[in-house]
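So the structure is just underneath, and the comments pick up after that.
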Amino acid sequence: MAITALATRLREQGRDIISLAAGEPDFDTPAHIREAAIAAIRDGATRYTPVEGTAALEAAIIDKFRRENGLHYHPGQVIASSGAKQSCYNLAMAVLDPGDEAIIPAPYWVSYPDMVRLAGGRPVILRAGLDSGFKLSAGALEAAITARTRLVFFNSPGNPGGAAYTRDEWQALGAVLERHPRVVIGADDIYEHVYWGREPFVSFAAACPSLHERTVTINGISKAYAMTGWRIGYAAGPVELVAAMKKLQGHSTSNPCSISQAASIAALDGSQDCVRAMAAAFRERHDFLLAALGGISGMRCIPADGAFYAFPHVDAILERKGLADDQALCMLLLEEAGVATVPGSAFGMPGHIRLSYACGIDTLREAVERIRKALG
């Protein structure tokens, strides 16, 4: 977001800037979802709702989990929040006491470690680099768990690496967690539908049913339905944990936006053709960008299973250009190429940069050509 803000300032100064920084779909919210919101306004659905969301949204979330993930919940196990980010934050605050540890595989979404710190906990970062496909191994997880470990965050497909865990990989990690009953699992599935992996998508709790009662599954409507500004996320898990998350939310934001809740019901209950169409477009952009970046000397990039980010390794470029770190490379690309990217160090993985392909192929083609020229 900071890089995006800087790119915006440069645009305001008259610079021609292409931003590959923001993780935000470039599509409009589908028409039937927008119409549901308009109808809700006309019908006067503009007042407070229960903290956890309306009964209708709760039912839509429960049905989504049953229909798409094979996960079964009842109303007391579900909460809607102002974005999946708030659901993750509520979970950290509900679980962690000062001094508790939370395991976070890197590369990670930038907010996980600071959520843990705000809760008084200590983030334990486990790096899983390009050579391991940006996935955490069962052995590394086992070695990191201590008597203070209370929480582990998983994100699949992941931001920024785009890697998704298979059923077998989840089960190997689950076998480790079976031996540590105090550890709660936070499974962030926000990119579930921006996915093209070789195997069908599977959520952690579905792959490891014996850990269902220790897993909080987090999702939302921002990425799949191009609804980032509507700010609706949701979570489902054990009754006691969800009740604690509701208490926290009740004293912070209270309910998420009532109009956005109505729109989210239309998104979850309606036709999913729009979701599939957007995912197909992201897959096409992924394939183009992967090949294009592979043609730039010094960039190592592996295929993603989903999300909408390329995360190439750039140490060879840093050495060739005499740059101190990935942040210096991002500044060079912004100033000399007019392309905004994000340093991998922000995601716990120095020596990489993140490029978002939540934009059209023509824009990506121009961005790659500018990067190629700037890097010689």
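Ordered as shown in the structure tokens, chains take letters A, B, and onward, while each chain numbers its residues from 1 and ligands are numbered from 1 in the order shown.
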
field: Exercise: range 125-132 of chain A partners within 7 Å, only C-alpha atoms, chain neighbours under 5 positions left out, as a ChimeraX atom specification
entry: /A:103-107

- prompt: What's the 10 Å shell around Asp325 in chain A, counting only C-alpha atoms, without same-chain residues fewer than 6 positions away, as an NGL selection string?
  reply: :A and (314-315 or 317-319 or 343-345 or 350-352)

DSSP-assigned alpha helix (DSSP H) among range 51-131 of chain A, expressed as a ChimeraX atom specification: /A:55-64,84-95,111-118

Could you give me, as JSON lines, every range 215-258 of chain A residue with an atom at most 8 Å from range 30-45 of chain A, plus its closest atom pair and distance in Å to one decimal, counting only C-alpha atoms, rows ordered by chain then number?
{"residue": "A:Tyr225", "atom": "CA", "partner": "A:Pro30", "partner_atom": "CA", "distance": 7.2}
{"residue": "A:Ala226", "atom": "CA", "partner": "A:Pro30", "partner_atom": "CA", "distance": 7.7}
{"residue": "A:Ser258", "atom": "CA", "partner": "A:Ala45", "partner_atom": "CA", "distance": 6.5}

message: If we count only C-alpha atoms and set the cut-off at 12 Å, which residues sit around Ser210 in chain A, ignoring sequence neighbours fewer than 4 positions away in its own chain? Please answer as a ChimeraX atom specification.
response: /A:171,174-175,177-179,181,204-206,214-215
